Amino acid sequence: MIPPRVLNFRGVVALTFFCVAGGAYGLEDTVGAAGPGLALLGILLVPWLWSLPTALMAAELAAAMPEDGGYVVWVKRAFGRWWGFQEGWWSWFYSFADNALYPIMFVDYLTYLRGDMSAVERWIIGTTVIAVVAVLNLRGTQLVGRLAVMFTLLVLAPFLVFTIIGAPHVQLSAWSARTENIEWGLLVSVLLWNTCGWDNAACCAGEVRQPGRVIPRAMVTTVVLVTLAYLLPVAVGVGVDHNWEAWKEGYFPHVAAQVGGPWLGTWLTVAGLISAVGLLSSLLCTSARIPYALAMHDLLPARFAAVHPRYGTPWVGILINSVGTALLLPFSFQEVIELNMFLYALALILEFAALVWLRLKEPEMPRPYRVPFGLPGVIALSIPPVALCVISLSLASWATVFVSGAAISLGMGIFWAREFSLRKARERSKESATA
């Protein structure tokens with residue numbers, strides 16, 4: 001059973017928005033790591049060096065190959081089964097870390113309303129959120145897309161009010177300030193993490209109506225939306241609250257309370273809870289398509305491609321990803337971000353390599369949207385994000401490198417075990433045919 005094409009332009013924009021941003025929540029650590037000057041500079045530069053190139057790369061490849069699984073399909077077509085599996089495995093593994101960030105964020109924002117909680121309480125609440133989102137995902141991509149549209153409006157509304165009320169109180173001199181001790185690793189990781197995920201939305205390309213037209217338009221629209229949703233609240237917030245070293249994940253409601261009173265802080269907190277649910281919902285939706293795509297391309301056993309008989313959703317991927325996400329809840333926000341970004345950077349380098357190589361290997365492949373200026377344009381587009389990926393990798397801690405290396409090694413072993421199993425099955429089939 002192939003999932004139906006149910007996502008329209010609004011649904012793709014909202015799904016992409018929540019795969020990438022979900023509001024300015026989570027950006028607070030950039031201010032705490034380096035101060036407002038570098039944080040704002042990063043927010044201004046990242047769309048040109050990272051967001052737009054990645055969105056255009058995903059737009060070209062997803063429009064040309066509108067299948068569920070996105071980057072698994074692209075890399076396999078470009079480089080074959082080995083690299084196709086590695087891309088899927090790395091992306092699937094980091095998706096557990098990525099998804100776990102949002103139940104953690106949900107609980108962090110909930111503490112603003114009800115105070116500190118024990119580790120057991122945090123895990124129970126986070127697991128409950130995961131279970132609810134898993135049920136919604138099981139009901140289908142169309143429901144996830146509609147909820148994403150509604151969540152987008154609910155999340156952006158308080159930030160708009162915060163920006164309007166706070167703008168007259170901004171001290172412009174604050175925009176150039178910086179902290180004494182700059183944490184470059186945290187600054188880069190959080191900036192890139194807050195603007196990654198453009199390729200994740202393409203994992204649902206097989207469920208988009210008129211993908212060749214809708215996906216490119218949706219990607220560009222969302223780049224603009226995300227940039228404004230980040231820049232305006234942060235610019236106002238740092239101009240009002242100058243205690244920049246206190247800016248950590250979950251700090252926005254405190255700034256909002258200073259600007260408009262407790263009611264605005266509470267509203268922003270509630271929107272933060274909605275944002276966390278929307279982010280988890282969208283990313284569970286896309287990440288569950290990774291094992292589905294690997295199985296559809298015979299890179300994992302066929303049971304991973306099983307879909308719900310009524311809703312047509314990959315229920316095995318949804319279940320596995322939900323359980324894996326729950327297991328990572330005890331870790332801190334910063335620890336999970338770094339692990340997520342290391343594997344994401346490796347996978348993204350491979351995706352840009354596929355973009356360039358497919359232009360050389362299959363120049364005549366139908367491409368409803370093409371990155372402009374031919375092969376030189378594609379290469380020029382790829383250089384900034386690949387360079388940022390390399391920088392991000394170089395700043396990773398040894399613990400992150402060790403865990404990521406173990407995950408990569410495990411993936412290699414699983415691939416060869418799968419290939420061995422397939423070879424034995426073919427040999428048995430030949431023996432049966434000749435018997």
# chains A, B, ... in the order shown; residues from 1 in each chain; ligands from 1

call {"tool": "residues_around", "arguments": {"residues": "range 59-74 of chain A", "least_positions_apart": "3", "cutoff": "7 Å", "atoms": "only C-alpha atoms", "output": "list in words"}}
result
Ala55, Leu56, Arg77, Ala78, Gly84, Glu87, Gly88, Ala202, Cys203, Cys204, Ala205, Gly206, Pro211, Gly212, Ile215, Pro216, Met219, Arg289, Ile290, Ala293, Glu351, Ala354, Pro366, Arg367, Pro368, Tyr369, Arg370 and Val371 of chain A

call {"tool": "select_by_dssp", "arguments": {"residues": "range 229-360 of chain A", "states": "alpha helix (DSSP H)", "output": "MDAnalysis selection string"}}
result
chainID A and resid 229:240 252:260 262:287 289:296 315:327 333:360

call {"tool": "closest_residue", "arguments": {"among": "A:Ile104, A:Ala58, A:Val129, A:Val13", "to": "Leu328 in chain A", "atoms": "only C-alpha atoms"}}
result
A:Ile104

call {"tool": "residues_around", "arguments": {"residues": "Val307 in chain A", "least_positions_apart": "3", "cutoff": "10 Å", "atoms": "only C-alpha atoms", "output": "count of residues only"}}
result
15

call {"tool": "closest_atom_pairs", "arguments": {"of": "range 276-367 of chain A", "to": "range 390-393 of chain A", "cutoff": "10 Å", "atoms": "only C-alpha atoms", "output": "tab-separated table"}}
result
residue	atom	partner	partner_atom	distance
A:Glu338	CA	A:Ser392	CA	9.0
A:Met341	CA	A:Ser392	CA	7.4
A:Phe342	CA	A:Leu393	CA	5.7
A:Leu343	CA	A:Leu393	CA	8.7
A:Tyr344	CA	A:Leu393	CA	9.7
A:Ala345	CA	A:Leu393	CA	7.0
A:Leu346	CA	A:Leu393	CA	8.1
A:Ile349	CA	A:Val390	CA	8.7

call {"tool": "residues_around", "arguments": {"residues": "Val223 in chain A", "least_positions_apart": "5", "cutoff": "8 Å", "atoms": "only C-alpha atoms", "output": "compact mmCIF listing (two decimals) with C-alpha atoms, in the first residue's frame"}}
result
# COMPACT_ATOMS: atom_id res chain seq x y z
CA PRO A 47 19.95 31.86 5.80
CA SER A 51 19.26 27.56 5.05
CA LEU A 52 18.66 28.68 1.45
CA ALA A 55 16.39 24.25 0.94

call {"tool": "closest_residue", "arguments": {"among": "A:Arg359, A:His308, A:Phe96, A:Trp263", "to": "Phe373 in chain A", "atoms": "only C-alpha atoms"}}
result
A:Arg359

call {"tool": "closest_residue", "arguments": {"among": "A:Ser382, A:Thr221, A:Thr30, A:Thr227", "to": "Pro53 in chain A", "atoms": "only C-alpha atoms"}}
result
A:Ser382

call {"tool": "residues_around", "arguments": {"residues": "Leu187 in chain A", "least_positions_apart": "4", "cutoff": "10 Å", "atoms": "only C-alpha atoms", "output": "JSON list (two decimals) with C-alpha atoms, in the first residue's frame"}}
result
[["chain", "number", "residue", "atom", "x", "y", "z"],
["A", 27, "LEU", "CA", 17.76, 30.14, 20.09],
["A", 29, "ASP", "CA", 21.55, 29.50, 23.94],
["A", 30, "THR", "CA", 23.17, 31.46, 21.09],
["A", 31, "VAL", "CA", 22.85, 34.64, 23.14],
["A", 32, "GLY", "CA", 24.14, 32.92, 26.28],
["A", 33, "ALA", "CA", 27.08, 31.43, 24.36],
["A", 34, "ALA", "CA", 28.34, 34.57, 22.62],
["A", 35, "GLY", "CA", 26.16, 37.60, 23.38],
["A", 38, "LEU", "CA", 27.32, 37.36, 17.32],
["A", 39, "ALA", "CA", 23.91, 35.74, 17.83],
["A", 42, "GLY", "CA", 24.64, 34.45, 12.89],
["A", 182, "ILE", "CA", 32.52, 32.90, 23.82],
["A", 183, "GLU", "CA", 31.47, 29.25, 23.52],
["A", 191, "LEU", "CA", 22.63, 28.13, 15.14],
["A", 192, "LEU", "CA", 22.95, 25.28, 12.67],
["A", 193, "TRP", "CA", 20.56, 23.05, 14.60]]

call {"tool": "decode", "arguments": {"residues": "range 59-144 of chain A", "atoms": "C-alpha atoms", "output": "PDB file, in the first residue's frame"}}
result
ATOM      1  CA  ALA A  59      13.818  21.293  -3.619  1.00  0.00           C
ATOM      2  CA  GLU A  60      15.675  20.068  -6.711  1.00  0.00           C
ATOM      3  CA  LEU A  61      16.161  16.487  -5.550  1.00  0.00           C
ATOM      4  CA  ALA A  62      12.710  16.057  -3.982  1.00  0.00           C
ATOM      5  CA  ALA A  63      10.964  17.495  -7.044  1.00  0.00           C
ATOM      6  CA  ALA A  64      12.977  15.187  -9.313  1.00  0.00           C
ATOM      7  CA  MET A  65      12.448  12.100  -7.111  1.00  0.00           C
ATOM      8  CA  PRO A  66       9.187  12.664  -5.195  1.00  0.00           C
ATOM      9  CA  GLU A  67       9.314   9.534  -3.069  1.00  0.00           C
ATOM     10  CA  ASP A  68       8.978   8.913   0.655  1.00  0.00           C
ATOM     11  CA  GLY A  69      12.405   8.593   2.179  1.00  0.00           C
ATOM     12  CA  GLY A  70      13.879  11.651   0.469  1.00  0.00           C
ATOM     13  CA  TYR A  71      17.638  11.634   0.935  1.00  0.00           C
ATOM     14  CA  VAL A  72      17.797   7.838   1.084  1.00  0.00           C
ATOM     15  CA  VAL A  73      16.449   7.763  -2.474  1.00  0.00           C
ATOM     16  CA  TRP A  74      18.738  10.582  -3.676  1.00  0.00           C
ATOM     17  CA  VAL A  75      21.980   9.143  -2.313  1.00  0.00           C
ATOM     18  CA  LYS A  76      21.199   5.581  -3.380  1.00  0.00           C
ATOM     19  CA  ARG A  77      20.506   6.756  -6.931  1.00  0.00           C
ATOM     20  CA  ALA A  78      23.728   8.747  -6.985  1.00  0.00           C
ATOM     21  CA  PHE A  79      26.167   6.380  -5.264  1.00  0.00           C
ATOM     22  CA  GLY A  80      24.504   2.977  -4.905  1.00  0.00           C
ATOM     23  CA  ARG A  81      23.287   0.734  -2.106  1.00  0.00           C
ATOM     24  CA  TRP A  82      26.217   1.146   0.318  1.00  0.00           C
ATOM     25  CA  TRP A  83      26.027   4.927   0.534  1.00  0.00           C
ATOM     26  CA  GLY A  84      22.239   4.917   0.311  1.00  0.00           C
ATOM     27  CA  PHE A  85      22.109   2.763   3.420  1.00  0.00           C
ATOM     28  CA  GLN A  86      24.718   4.862   5.246  1.00  0.00           C
ATOM     29  CA  GLU A  87      22.745   8.039   4.517  1.00  0.00           C
ATOM     30  CA  GLY A  88      19.580   6.429   5.805  1.00  0.00           C
ATOM     31  CA  TRP A  89      21.274   4.910   8.850  1.00  0.00           C
ATOM     32  CA  TRP A  90      23.020   8.135   9.911  1.00  0.00           C
ATOM     33  CA  SER A  91      19.819  10.105   9.396  1.00  0.00           C
ATOM     34  CA  TRP A  92      17.710   7.542  11.223  1.00  0.00           C
ATOM     35  CA  PHE A  93      20.139   7.416  14.139  1.00  0.00           C
ATOM     36  CA  TYR A  94      20.360  11.192  14.556  1.00  0.00           C
ATOM     37  CA  SER A  95      16.577  11.451  14.231  1.00  0.00           C
ATOM     38  CA  PHE A  96      16.273   9.790  17.657  1.00  0.00           C
ATOM     39  CA  ALA A  97      18.401  12.574  19.143  1.00  0.00           C
ATOM     40  CA  ASP A  98      16.577  15.228  17.119  1.00  0.00           C
ATOM     41  CA  ASN A  99      13.146  14.001  18.154  1.00  0.00           C
ATOM     42  CA  ALA A 100      14.184  13.739  21.817  1.00  0.00           C
ATOM     43  CA  LEU A 101      14.955  17.472  21.938  1.00  0.00           C
ATOM     44  CA  TYR A 102      11.291  18.402  21.797  1.00  0.00           C
ATOM     45  CA  PRO A 103       9.838  16.431  24.702  1.00  0.00           C
ATOM     46  CA  ILE A 104      12.824  17.819  26.655  1.00  0.00           C
ATOM     47  CA  MET A 105      11.899  21.318  25.449  1.00  0.00           C
ATOM     48  CA  PHE A 106       8.241  20.684  26.368  1.00  0.00           C
ATOM     49  CA  VAL A 107       9.175  19.796  29.941  1.00  0.00           C
ATOM     50  CA  ASP A 108      11.627  22.726  30.182  1.00  0.00           C
ATOM     51  CA  TYR A 109       8.899  25.184  29.245  1.00  0.00           C
ATOM     52  CA  LEU A 110       6.417  23.475  31.526  1.00  0.00           C
ATOM     53  CA  THR A 111       8.695  24.246  34.476  1.00  0.00           C
ATOM     54  CA  TYR A 112       7.979  27.944  33.881  1.00  0.00           C
ATOM     55  CA  LEU A 113       4.332  27.249  34.757  1.00  0.00           C
ATOM     56  CA  ARG A 114       4.638  24.693  37.564  1.00  0.00           C
ATOM     57  CA  GLY A 115       8.226  24.896  38.850  1.00  0.00           C
ATOM     58  CA  ASP A 116      10.995  22.306  39.011  1.00  0.00           C
ATOM     59  CA  MET A 117      10.174  18.629  38.602  1.00  0.00           C
ATOM     60  CA  SER A 118      11.941  15.415  39.499  1.00  0.00           C
ATOM     61  CA  ALA A 119      13.664  13.342  36.842  1.00  0.00           C
ATOM     62  CA  VAL A 120      10.878  10.742  37.046  1.00  0.00           C
ATOM     63  CA  GLU A 121       8.166  13.386  36.555  1.00  0.00           C
ATOM     64  CA  ARG A 122      10.036  14.829  33.578  1.00  0.00           C
ATOM     65  CA  TRP A 123      10.348  11.398  31.956  1.00  0.00           C
ATOM     66  CA  ILE A 124       6.680  10.516  32.506  1.00  0.00           C
ATOM     67  CA  ILE A 125       5.486  13.813  31.031  1.00  0.00           C
ATOM     68  CA  GLY A 126       7.893  13.559  28.093  1.00  0.00           C
ATOM     69  CA  THR A 127       6.862   9.969  27.374  1.00  0.00           C
ATOM     70  CA  THR A 128       3.183  10.946  27.480  1.00  0.00           C
ATOM     71  CA  VAL A 129       3.827  13.667  24.888  1.00  0.00           C
ATOM     72  CA  ILE A 130       5.620  11.143  22.665  1.00  0.00           C
ATOM     73  CA  ALA A 131       2.725   8.666  22.941  1.00  0.00           C
ATOM     74  CA  VAL A 132       0.105  11.282  22.002  1.00  0.00           C
ATOM     75  CA  VAL A 133       2.156  12.469  19.022  1.00  0.00           C
ATOM     76  CA  ALA A 134       2.721   8.876  17.899  1.00  0.00           C
ATOM     77  CA  VAL A 135      -1.045   8.257  17.817  1.00  0.00           C
ATOM     78  CA  LEU A 136      -1.575  11.434  15.767  1.00  0.00           C
ATOM     79  CA  ASN A 137       1.122  10.337  13.324  1.00  0.00           C
ATOM     80  CA  LEU A 138      -0.441   6.935  13.015  1.00  0.00           C
ATOM     81  CA  ARG A 139      -3.608   8.635  11.740  1.00  0.00           C
ATOM     82  CA  GLY A 140      -1.799   9.969   8.685  1.00  0.00           C
ATOM     83  CA  THR A 141       0.267  12.731   7.065  1.00  0.00           C
ATOM     84  CA  GLN A 142      -2.785  14.800   6.156  1.00  0.00           C
ATOM     85  CA  LEU A 143      -3.704  15.162   9.839  1.00  0.00           C
ATOM     86  CA  VAL A 144      -0.084  15.997  10.734  1.00  0.00           C
TER      87      VAL A 144
END
